[in-house]
Every structure is written in structure tokens, then in C-alpha cells.
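Working notes, structure below.
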Amino acid sequence: MTKPHIEIIATGLHFPEGPVELPDGSIAVVEIGRGRIVRIGEGGRHDLLAVTNGGPNGMALGPDGALYVCNNGGFSWAEEGGWLRPVGLAADYSGGMIQKVDISTGEVTTLYDQCDGRALSGPNDIVFDNHGGFYFTDTGRVREFQRDHGSVFYAKADGSSIKRVVFPLIAPNGIGLSPDLGTLYVAEMETARLWSYAIAKPGVVHKKPFPSQAGGELIIGLGGFQRLDSLKVAASGNICVSTLVTGCITVVSPRGELLDQVWMPEIYPTNLGFAGQDLQDAVVTLSLTGRVGRLRWPEKGLRLQHQGDG
């Protein structure tokens, strides 16, 4: 396990996730516990960018420069030993949604809250392609005696269409695209399995036959008690998956080789995002302790679609 130097760039947040570098170089993160998005500036100061309510989760910059936010609908919380953690549904939970946020005004618009007449359950993570659309995971929500099945959806950024791409999955969380945009990666949180799907056309993937549970090809399954959260893909094609309980970022090759587990200073490093002019800084949300860290990554991150690739 690699143990890098990590600079803490923000503290005092309520379960931060979804780090995104904005055009001015500042970092936006959600606070799931406060239902809002904040911008981290110089000296660790964080200013309110938008109020989403519910549970804002993963987010990404769209081709129009707006933030697109997966909102899981909100959690109930427990605070113990200095850790704030989600434990169940919010009392006012009524479903999840995809929201669009104007960075300059903070205006929040709901783009999608259902697909084919069925309410979204718990949208979690998001990645754009170069066709004006995005893939997102819906992790599902856990009730006392039930768990919703998870899915992957594909939707257009203009709000015109949404469809289910992969179903059922067991708590899908992280999602990403290979550098050539030909492969979709999905991380299942509770099974600690990373799946891949070859993309046939926007919003359509090739699926493997039985015994694959949802048509995916297994890249890797981590042993022991580990849980997979968000993921990002490096320019090399390596997949960097936030790994809970172990408290690391797991680096996996597209061929399924476990290349490294990069140590983080808490057991819930939920999300990472690449930042900096050379895309070789990693910004990591340390969610239980309400902090955001920044470190130098061993290789360059993949430049995302909103920045002009493809």
C-alpha cells in the first residue's frame, strides 16, 4: 500500500462528496448532510454555491458549464466518536432526482425524478460522454426490511430523455468511461466488484449472457470486508476506485490487475476527482470526518468530456 502526503484543504463539512474542479480552479463539493454545494477557495474557506436539499451526491460539469448533481433524496444521520455517517432514509425522503445547477446564480433545476413512470430511488454518481448525455448510477435505498435494486441510467443533458441501461445491480456506486469512451465501468458497493460493459452506442451496452447477473464482465472483485464507492479513470486507462473500510483508493488496470491501494487518512475516502492544470492532483473527500484532501497522484487523470475531448 502506497502512503502519500495529503494536504487537507477543507474541514468542518457535513459528509462531503462529489469533488469537481471549476473553471476558475476552485473545488466544488456537496455536503450530503446539509443538502447543499459549497465552493472551496483559498485558505480552506468554503462558500455556499447552491442549496439542493435532499442528499446531493456525485456531480459533474456538463457541456454547458452547469453542474449536474445526483441527489439521493436524503439520509438520516448518526454522530458518534467524531464521525458523521448516514444510517437510513431521511424523514422527508420522497425519491431521488437529477438536478442541474447554474454555477453563477446557484439556481437549481430538477431534470429527472423518474424513468418510465418509476421514481428514481437514490442517484449516486455520474459521468458524461461526448454525445450530450450522461450515465449515472442509482444505488437504490435501504429500508428496514427491504432494499431497492440498483440500476445504471443514461440521460440527455437537455432533459429530453432518460432510459435504464443496466438492471439489476447490487448497490452500484462509482461509474466511469474508458479513455476511448468505448467501455463503461460500474463499481458495486456492497459486493466490492468492478464491472465493465462495452458500449454499442450512446445509452446501449453489450451484455454478457448468464451467469453474469446483469450482463457485465467482471474486472475485479476485492476480497475481505471492503466496499467500493466512487471511481475515476486515469489517462492511462487505469481505474481508481474509492474503497471504504480499507480507507484507500484502489488502482486497477483495465485487465483486472490490482496495481496499488493508495492509503487515505480515514476509512471513508468516498470520492476522488482529478484537478490542476496537468490533471495530476487528486482531490479526495474524507467524508466521516468532514474533510477534503489534495495529493499528488502518480499519473495524470483523464480529461473529462466537458473540457473539450471527443
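Ordering of the C-alpha cells sets the chain letters (A, B, ...), residue numbers begin anew at 1 in every chain, and ligands are numbered from 1 in the order given.
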
Closest-contact table, segment 265-295 of chain A side, partner segment 16-35 of chain A, 8 Å, counting only C-alpha atoms, as JSON lines:
```
{"residue": "A:Thr270", "atom": "CA", "partner": "A:Glu17", "partner_atom": "CA", "distance": 6.6}
{"residue": "A:Asn271", "atom": "CA", "partner": "A:Glu17", "partner_atom": "CA", "distance": 5.8}
{"residue": "A:Leu272", "atom": "CA", "partner": "A:Pro19", "partner_atom": "CA", "distance": 6.5}
{"residue": "A:Gly273", "atom": "CA", "partner": "A:Pro19", "partner_atom": "CA", "distance": 5.6}
{"residue": "A:Phe274", "atom": "CA", "partner": "A:Glu21", "partner_atom": "CA", "distance": 7.7}
{"residue": "A:Ala275", "atom": "CA", "partner": "A:Glu21", "partner_atom": "CA", "distance": 5.9}
{"residue": "A:Gly276", "atom": "CA", "partner": "A:Gly25", "partner_atom": "CA", "distance": 7.3}
{"residue": "A:Val283", "atom": "CA", "partner": "A:Pro19", "partner_atom": "CA", "distance": 6.7}
{"residue": "A:Val284", "atom": "CA", "partner": "A:Pro19", "partner_atom": "CA", "distance": 7.2}
{"residue": "A:Thr285", "atom": "CA", "partner": "A:Glu17", "partner_atom": "CA", "distance": 5.5}
{"residue": "A:Leu286", "atom": "CA", "partner": "A:Pro16", "partner_atom": "CA", "distance": 7.2}
{"residue": "A:Ser287", "atom": "CA", "partner": "A:Pro16", "partner_atom": "CA", "distance": 5.3}
{"residue": "A:Gly290", "atom": "CA", "partner": "A:Pro16", "partner_atom": "CA", "distance": 6.1}
{"residue": "A:Arg291", "atom": "CA", "partner": "A:Pro16", "partner_atom": "CA", "distance": 7.2}
{"residue": "A:Val292", "atom": "CA", "partner": "A:Pro16", "partner_atom": "CA", "distance": 7.5}
```

Dump of N, CA and C atoms for the selected residues, as an mmCIF file, in the first residue's frame:
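Below you can see again-v3.cif, which holds the result:
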```cif
data_model
loop_
_atom_site.group_PDB
_atom_site.id
_atom_site.type_symbol
_atom_site.label_atom_id
_atom_site.label_comp_id
_atom_site.auth_asym_id
_atom_site.auth_seq_id
_atom_site.Cartn_x
_atom_site.Cartn_y
_atom_site.Cartn_z
ATOM 1 N N THR A 270 -14.584 8.681 0.234
ATOM 2 C CA THR A 270 -15.712 8.286 -0.619
ATOM 3 C C THR A 270 -15.532 8.605 -2.098
ATOM 4 N N ASN A 271 -14.949 9.760 -2.419
ATOM 5 C CA ASN A 271 -14.866 10.208 -3.818
ATOM 6 C C ASN A 271 -13.504 10.796 -4.096
ATOM 7 N N LEU A 272 -13.081 10.719 -5.349
ATOM 8 C CA LEU A 272 -11.910 11.463 -5.785
ATOM 9 C C LEU A 272 -12.200 12.132 -7.120
ATOM 10 N N GLY A 273 -11.479 13.213 -7.372
ATOM 11 C CA GLY A 273 -11.564 13.899 -8.658
ATOM 12 C C GLY A 273 -10.188 14.406 -9.026
ATOM 13 N N PHE A 274 -9.882 14.425 -10.299
ATOM 14 C CA PHE A 274 -8.582 14.934 -10.742
ATOM 15 C C PHE A 274 -8.676 16.442 -10.974
ATOM 16 N N ALA A 275 -7.595 17.148 -10.647
ATOM 17 C CA ALA A 275 -7.601 18.608 -10.703
ATOM 18 C C ALA A 275 -6.203 19.109 -11.054
ATOM 19 N N GLY A 276 -6.101 20.428 -11.235
ATOM 20 C CA GLY A 276 -4.819 21.047 -11.571
ATOM 21 C C GLY A 276 -4.614 21.142 -13.068
ATOM 22 N N VAL A 283 -8.156 15.178 -5.704
ATOM 23 C CA VAL A 283 -8.916 15.756 -4.601
ATOM 24 C C VAL A 283 -9.816 14.651 -4.054
ATOM 25 N N VAL A 284 -9.705 14.396 -2.751
ATOM 26 C CA VAL A 284 -10.396 13.259 -2.141
ATOM 27 C C VAL A 284 -11.285 13.746 -0.994
ATOM 28 N N THR A 285 -12.531 13.275 -0.969
ATOM 29 C CA THR A 285 -13.430 13.613 0.139
ATOM 30 C C THR A 285 -13.286 12.575 1.247
ATOM 31 N N LEU A 286 -12.986 13.060 2.458
ATOM 32 C CA LEU A 286 -12.840 12.232 3.652
ATOM 33 C C LEU A 286 -14.118 12.454 4.470
ATOM 34 N N SER A 287 -15.121 11.659 4.171
ATOM 35 C CA SER A 287 -16.491 12.048 4.494
ATOM 36 C C SER A 287 -16.857 11.930 5.961
ATOM 37 N N GLY A 290 -15.509 14.913 7.652
ATOM 38 C CA GLY A 290 -15.889 16.200 7.078
ATOM 39 C C GLY A 290 -14.757 16.989 6.481
ATOM 40 N N ARG A 291 -13.763 16.283 5.912
ATOM 41 C CA ARG A 291 -12.595 16.961 5.363
ATOM 42 C C ARG A 291 -12.444 16.681 3.867
ATOM 43 N N VAL A 292 -11.663 17.545 3.214
ATOM 44 C CA VAL A 292 -11.288 17.327 1.816
ATOM 45 C C VAL A 292 -9.767 17.405 1.747
#
```

DSSP-assigned strand (DSSP E or B) among segment 256-309 of chain A, expressed as a count of residues only:
26

Show me, as CSV, the residues of segment 32-92 of chain A having an atom within 12 Å of segment 262-269 of chain A, each with the closest atom pair and its distance in Å, using only C-alpha atoms.
```
residue,atom,partner,partner_atom,distance
A:Gly82,CA,A:Glu266,CA,11.8
A:Trp83,CA,A:Tyr268,CA,10.1
A:Leu84,CA,A:Tyr268,CA,10.8
A:Arg85,CA,A:Tyr268,CA,9.7
A:Pro86,CA,A:Tyr268,CA,11.8
```

Could you please take those selected residues and save all heavy atoms as an mmCIF file, in the first residue's frame?
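Contents of the output file result38.cif:
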```cif
data_model
loop_
_atom_site.group_PDB
_atom_site.id
_atom_site.type_symbol
_atom_site.label_atom_id
_atom_site.label_comp_id
_atom_site.auth_asym_id
_atom_site.auth_seq_id
_atom_site.Cartn_x
_atom_site.Cartn_y
_atom_site.Cartn_z
ATOM 1 N N GLY A 82 -16.894 11.507 16.790
ATOM 2 C CA GLY A 82 -16.356 12.463 15.829
ATOM 3 C C GLY A 82 -16.671 12.139 14.385
ATOM 4 O O GLY A 82 -16.237 12.850 13.480
ATOM 5 N N TRP A 83 -17.423 11.062 14.163
ATOM 6 C CA TRP A 83 -17.809 10.676 12.802
ATOM 7 C C TRP A 83 -19.286 10.966 12.583
ATOM 8 O O TRP A 83 -20.126 10.655 13.427
ATOM 9 C CB TRP A 83 -17.585 9.178 12.574
ATOM 10 C CG TRP A 83 -16.154 8.760 12.466
ATOM 11 C CD1 TRP A 83 -15.056 9.569 12.433
ATOM 12 C CD2 TRP A 83 -15.668 7.411 12.396
ATOM 13 N NE1 TRP A 83 -13.911 8.812 12.338
ATOM 14 C CE2 TRP A 83 -14.252 7.488 12.313
ATOM 15 C CE3 TRP A 83 -16.278 6.168 12.384
ATOM 16 C CZ2 TRP A 83 -13.449 6.355 12.226
ATOM 17 C CZ3 TRP A 83 -15.489 5.033 12.305
ATOM 18 C CH2 TRP A 83 -14.090 5.128 12.215
ATOM 19 N N LEU A 84 -19.593 11.541 11.433
ATOM 20 C CA LEU A 84 -20.972 11.714 11.000
ATOM 21 C C LEU A 84 -21.221 10.747 9.862
ATOM 22 O O LEU A 84 -20.496 10.761 8.864
ATOM 23 C CB LEU A 84 -21.209 13.153 10.520
ATOM 24 C CG LEU A 84 -22.619 13.470 10.013
ATOM 25 C CD1 LEU A 84 -23.607 13.503 11.178
ATOM 26 C CD2 LEU A 84 -22.634 14.807 9.263
ATOM 27 N N ARG A 85 -22.246 9.897 10.007
ATOM 28 C CA ARG A 85 -22.462 8.892 8.963
ATOM 29 C C ARG A 85 -23.952 8.700 8.693
ATOM 30 O O ARG A 85 -24.790 8.841 9.586
ATOM 31 C CB ARG A 85 -21.821 7.558 9.340
ATOM 32 C CG ARG A 85 -22.388 6.922 10.593
ATOM 33 C CD ARG A 85 -21.600 5.660 10.962
ATOM 34 N NE ARG A 85 -22.118 5.048 12.182
ATOM 35 C CZ ARG A 85 -23.088 4.134 12.223
ATOM 36 N NH1 ARG A 85 -23.654 3.724 11.099
ATOM 37 N NH2 ARG A 85 -23.505 3.622 13.363
ATOM 38 N N PRO A 86 -24.296 8.376 7.439
ATOM 39 C CA PRO A 86 -25.701 8.101 7.102
ATOM 40 C C PRO A 86 -26.118 6.745 7.629
ATOM 41 O O PRO A 86 -25.348 5.785 7.583
ATOM 42 C CB PRO A 86 -25.699 8.133 5.574
ATOM 43 C CG PRO A 86 -24.302 7.780 5.186
ATOM 44 C CD PRO A 86 -23.409 8.308 6.269
#
```

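If only C-alpha atoms are the atoms counted, then among A:Ala214, A:Leu194, A:Gln146, A:Leu13 the closest residue to Phe167 of chain A is A:Ala214.
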
What's the 10 Å shell around Gly301 of chain A, counting only C-alpha atoms, without same-chain residues fewer than 3 positions away, as a ChimeraX atom specification?
/A:232-240,273-276,278-282,297-298,304

Got time to write the residues from that selection, all heavy atoms, as a short mmCIF file (atom, residue, chain, number, x, y, z; two decimals), in the first residue's frame?
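File written: out-v1.cif
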```cif
data_model
loop_
_atom_site.label_atom_id
_atom_site.label_comp_id
_atom_site.auth_asym_id
_atom_site.auth_seq_id
_atom_site.Cartn_x
_atom_site.Cartn_y
_atom_site.Cartn_z
N LYS A 232 -12.82 7.15 -10.65
CA LYS A 232 -12.37 8.00 -11.75
C LYS A 232 -11.37 7.19 -12.56
O LYS A 232 -10.70 6.29 -12.04
CB LYS A 232 -11.72 9.28 -11.26
CG LYS A 232 -12.69 10.30 -10.65
CD LYS A 232 -13.64 10.87 -11.68
CE LYS A 232 -14.52 11.98 -11.10
NZ LYS A 232 -15.45 11.49 -10.07
N VAL A 233 -11.23 7.52 -13.84
CA VAL A 233 -10.32 6.81 -14.73
C VAL A 233 -9.14 7.71 -15.06
O VAL A 233 -9.32 8.90 -15.35
CB VAL A 233 -11.05 6.38 -16.02
CG1 VAL A 233 -10.10 5.66 -16.96
CG2 VAL A 233 -12.24 5.48 -15.67
N ALA A 234 -7.93 7.16 -14.97
CA ALA A 234 -6.72 7.90 -15.31
C ALA A 234 -6.52 7.91 -16.82
O ALA A 234 -7.12 7.13 -17.56
CB ALA A 234 -5.51 7.27 -14.62
N ALA A 235 -5.66 8.82 -17.30
CA ALA A 235 -5.39 8.92 -18.73
C ALA A 235 -4.84 7.62 -19.30
O ALA A 235 -5.06 7.30 -20.47
CB ALA A 235 -4.42 10.07 -19.00
N SER A 236 -4.15 6.85 -18.47
CA SER A 236 -3.61 5.55 -18.88
C SER A 236 -4.69 4.50 -19.09
O SER A 236 -4.43 3.45 -19.68
CB SER A 236 -2.64 5.05 -17.81
OG SER A 236 -3.37 4.78 -16.61
N GLY A 237 -5.88 4.76 -18.56
CA GLY A 237 -6.95 3.77 -18.58
C GLY A 237 -7.13 3.04 -17.27
O GLY A 237 -8.11 2.31 -17.10
N ASN A 238 -6.19 3.23 -16.33
CA ASN A 238 -6.34 2.60 -15.02
C ASN A 238 -7.55 3.18 -14.29
O ASN A 238 -7.84 4.37 -14.40
CB ASN A 238 -5.08 2.79 -14.18
CG ASN A 238 -3.90 2.01 -14.72
OD1 ASN A 238 -4.07 0.99 -15.38
ND2 ASN A 238 -2.69 2.49 -14.46
N ILE A 239 -8.23 2.32 -13.53
CA ILE A 239 -9.45 2.73 -12.83
C ILE A 239 -9.10 2.93 -11.36
O ILE A 239 -8.52 2.03 -10.73
CB ILE A 239 -10.55 1.67 -12.98
CG1 ILE A 239 -10.78 1.36 -14.49
CG2 ILE A 239 -11.85 2.14 -12.36
CD1 ILE A 239 -10.37 -0.02 -14.90
N CYS A 240 -9.45 4.10 -10.83
CA CYS A 240 -9.12 4.47 -9.45
C CYS A 240 -10.42 4.49 -8.66
O CYS A 240 -11.27 5.37 -8.86
CB CYS A 240 -8.45 5.84 -9.42
SG CYS A 240 -7.04 5.99 -10.53
N GLY A 273 -11.48 13.21 -7.37
CA GLY A 273 -11.56 13.90 -8.66
C GLY A 273 -10.19 14.41 -9.03
O GLY A 273 -9.39 14.75 -8.14
N PHE A 274 -9.88 14.43 -10.30
CA PHE A 274 -8.58 14.93 -10.74
C PHE A 274 -8.68 16.44 -10.97
O PHE A 274 -9.69 16.96 -11.44
CB PHE A 274 -8.12 14.22 -12.01
CG PHE A 274 -7.72 12.79 -11.76
CD1 PHE A 274 -8.49 11.74 -12.26
CD2 PHE A 274 -6.59 12.50 -11.04
CE1 PHE A 274 -8.13 10.42 -12.03
CE2 PHE A 274 -6.21 11.19 -10.79
CZ PHE A 274 -6.98 10.15 -11.30
N ALA A 275 -7.59 17.15 -10.65
CA ALA A 275 -7.60 18.61 -10.70
C ALA A 275 -6.20 19.11 -11.05
O ALA A 275 -5.24 18.35 -11.15
CB ALA A 275 -8.05 19.19 -9.36
N GLY A 276 -6.10 20.43 -11.23
CA GLY A 276 -4.82 21.05 -11.57
C GLY A 276 -4.61 21.14 -13.07
O GLY A 276 -5.24 20.42 -13.84
N ASP A 278 -2.27 20.18 -14.91
CA ASP A 278 -1.78 18.95 -15.53
C ASP A 278 -2.62 17.74 -15.17
O ASP A 278 -2.27 16.61 -15.54
CB ASP A 278 -0.31 18.72 -15.15
CG ASP A 278 -0.11 18.55 -13.64
OD1 ASP A 278 -1.10 18.65 -12.89
OD2 ASP A 278 1.04 18.34 -13.22
N LEU A 279 -3.74 17.96 -14.45
CA LEU A 279 -4.64 16.88 -14.02
C LEU A 279 -3.91 15.79 -13.26
O LEU A 279 -4.26 14.61 -13.34
CB LEU A 279 -5.38 16.28 -15.23
CG LEU A 279 -6.47 17.13 -15.84
CD1 LEU A 279 -7.09 16.42 -17.02
CD2 LEU A 279 -7.55 17.48 -14.82
N GLN A 280 -2.90 16.18 -12.50
CA GLN A 280 -2.17 15.18 -11.72
C GLN A 280 -2.31 15.41 -10.22
O GLN A 280 -1.58 14.82 -9.43
CB GLN A 280 -0.69 15.11 -12.14
CG GLN A 280 -0.12 13.71 -11.92
CD GLN A 280 1.24 13.50 -12.56
OE1 GLN A 280 1.55 14.10 -13.57
NE2 GLN A 280 2.04 12.65 -11.96
N ASP A 281 -3.24 16.25 -9.82
CA ASP A 281 -3.64 16.34 -8.42
C ASP A 281 -4.92 15.54 -8.24
O ASP A 281 -5.80 15.55 -9.11
CB ASP A 281 -3.91 17.79 -8.00
CG ASP A 281 -2.64 18.59 -7.82
OD1 ASP A 281 -1.54 18.00 -7.91
OD2 ASP A 281 -2.74 19.81 -7.61
N ALA A 282 -5.03 14.84 -7.14
CA ALA A 282 -6.27 14.14 -6.80
C ALA A 282 -6.89 14.83 -5.60
O ALA A 282 -6.22 15.09 -4.60
CB ALA A 282 -6.00 12.68 -6.48
N TRP A 297 -0.91 12.80 -7.54
CA TRP A 297 -1.20 11.44 -7.98
C TRP A 297 -0.06 10.94 -8.86
O TRP A 297 0.59 11.72 -9.56
CB TRP A 297 -2.53 11.43 -8.74
CG TRP A 297 -3.15 10.06 -8.82
CD1 TRP A 297 -3.27 9.27 -9.91
CD2 TRP A 297 -3.72 9.33 -7.74
NE1 TRP A 297 -3.88 8.08 -9.58
CE2 TRP A 297 -4.16 8.09 -8.25
CE3 TRP A 297 -3.88 9.59 -6.36
CZ2 TRP A 297 -4.76 7.11 -7.44
CZ3 TRP A 297 -4.49 8.62 -5.57
CH2 TRP A 297 -4.92 7.40 -6.11
N PRO A 298 0.20 9.63 -8.85
CA PRO A 298 1.34 9.09 -9.62
C PRO A 298 1.21 9.24 -11.13
O PRO A 298 2.20 9.18 -11.85
CB PRO A 298 1.37 7.60 -9.23
CG PRO A 298 0.63 7.52 -7.94
CD PRO A 298 -0.40 8.60 -7.99
N LEU A 304 -12.05 15.10 -18.74
CA LEU A 304 -13.45 14.72 -18.92
C LEU A 304 -14.07 15.43 -20.12
O LEU A 304 -13.54 16.42 -20.62
CB LEU A 304 -14.22 14.99 -17.63
CG LEU A 304 -13.70 14.22 -16.41
CD1 LEU A 304 -14.46 14.62 -15.16
CD2 LEU A 304 -13.82 12.72 -16.64
#
```

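Ranking A:Tyr68, A:Phe153, A:Tyr135, A:Phe145 by their shortest atom-to-atom distance to Asp102 of chain A, with only C-alpha atoms included, puts A:Tyr68 first.
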
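Using only C-alpha atoms, the nearest neighbour of Ala91 of chain A within the list A:Gly122, A:Gly216, A:Gly176, A:Gly54 is A:Gly54.
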
For a test of reading the model, state the distance in Å between atom CA of Leu228 of chain A and atom CA of Tyr93 of chain A, rounded to one decimal.
24.2 Å

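Residue nearest Arg143 of chain A within the list A:Gly43, A:Pro179, A:Gly223, A:Gly88: A:Gly88 [criterion: smallest interatomic distance, only C-alpha atoms].
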
Which residues are near Ala50 of chain A? Cut-off 9 Å, only C-alpha atoms, ignore same chain within fewer than 6 positions. Put them as a PDB file with N, CA and C atoms, in the first residue's frame.
```
ATOM      1  N   ARG A  36     -26.531  20.719   0.305  1.00  0.00           N
ATOM      2  CA  ARG A  36     -26.041  21.892  -0.405  1.00  0.00           C
ATOM      3  C   ARG A  36     -24.706  21.616  -1.082  1.00  0.00           C
ATOM      4  N   ILE A  37     -24.300  22.559  -1.934  1.00  0.00           N
ATOM      5  CA  ILE A  37     -22.998  22.511  -2.615  1.00  0.00           C
ATOM      6  C   ILE A  37     -22.196  23.711  -2.160  1.00  0.00           C
ATOM      7  N   VAL A  38     -20.913  23.477  -1.836  1.00  0.00           N
ATOM      8  CA  VAL A  38     -20.039  24.581  -1.448  1.00  0.00           C
ATOM      9  C   VAL A  38     -18.821  24.619  -2.361  1.00  0.00           C
ATOM     10  N   VAL A 101     -27.447  22.648 -11.849  1.00  0.00           N
ATOM     11  CA  VAL A 101     -27.146  23.819 -11.029  1.00  0.00           C
ATOM     12  C   VAL A 101     -26.372  24.839 -11.850  1.00  0.00           C
ATOM     13  N   ASP A 102     -26.888  26.055 -11.911  1.00  0.00           N
ATOM     14  CA  ASP A 102     -26.192  27.169 -12.555  1.00  0.00           C
ATOM     15  C   ASP A 102     -25.130  27.679 -11.588  1.00  0.00           C
ATOM     16  N   ILE A 103     -23.861  27.569 -11.981  1.00  0.00           N
ATOM     17  CA  ILE A 103     -22.765  27.934 -11.075  1.00  0.00           C
ATOM     18  C   ILE A 103     -22.772  29.419 -10.737  1.00  0.00           C
ATOM     19  N   THR A 105     -25.393  31.594 -10.641  1.00  0.00           N
ATOM     20  CA  THR A 105     -26.542  32.085  -9.882  1.00  0.00           C
ATOM     21  C   THR A 105     -26.953  31.179  -8.727  1.00  0.00           C
ATOM     22  N   GLY A 106     -26.527  29.910  -8.765  1.00  0.00           N
ATOM     23  CA  GLY A 106     -26.960  28.947  -7.753  1.00  0.00           C
ATOM     24  C   GLY A 106     -28.347  28.388  -7.994  1.00  0.00           C
ATOM     25  N   GLU A 107     -28.961  28.741  -9.127  1.00  0.00           N
ATOM     26  CA  GLU A 107     -30.297  28.232  -9.436  1.00  0.00           C
ATOM     27  C   GLU A 107     -30.259  26.725  -9.643  1.00  0.00           C
ATOM     28  N   VAL A 108     -31.221  26.021  -9.036  1.00  0.00           N
ATOM     29  CA  VAL A 108     -31.283  24.562  -9.104  1.00  0.00           C
ATOM     30  C   VAL A 108     -32.547  24.141  -9.850  1.00  0.00           C
TER      31      VAL A 108
END
```

Taken to one decimal, the atom CA of Pro172 of chain A-atom CA of Thr191 of chain A distance is 9.3 Å

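Omitting Gly224 of chain A and its sequence neighbours fewer than 4 positions away, and counting only C-alpha atoms, the residues within 12 Å are Glu190, Thr191, Ala192, Arg193, Thr243, Leu244, Val245 and Thr246 of chain A.
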
Give me a file of those residues, with C-alpha atoms, as a PDB file, in the first residue's frame.
```
ATOM      1  CA  GLU A 190     -21.581  -3.981  -1.236  1.00  0.00           C
ATOM      2  CA  THR A 191     -20.044  -6.765  -3.339  1.00  0.00           C
ATOM      3  CA  ALA A 192     -16.797  -4.805  -3.915  1.00  0.00           C
ATOM      4  CA  ARG A 193     -16.951  -5.833  -7.572  1.00  0.00           C
ATOM      5  CA  THR A 243     -12.519   1.971  -1.207  1.00  0.00           C
ATOM      6  CA  LEU A 244     -14.315   2.200   2.115  1.00  0.00           C
ATOM      7  CA  VAL A 245     -13.394   0.381   5.333  1.00  0.00           C
ATOM      8  CA  THR A 246      -9.886  -0.274   3.976  1.00  0.00           C
TER       9      THR A 246
END
```
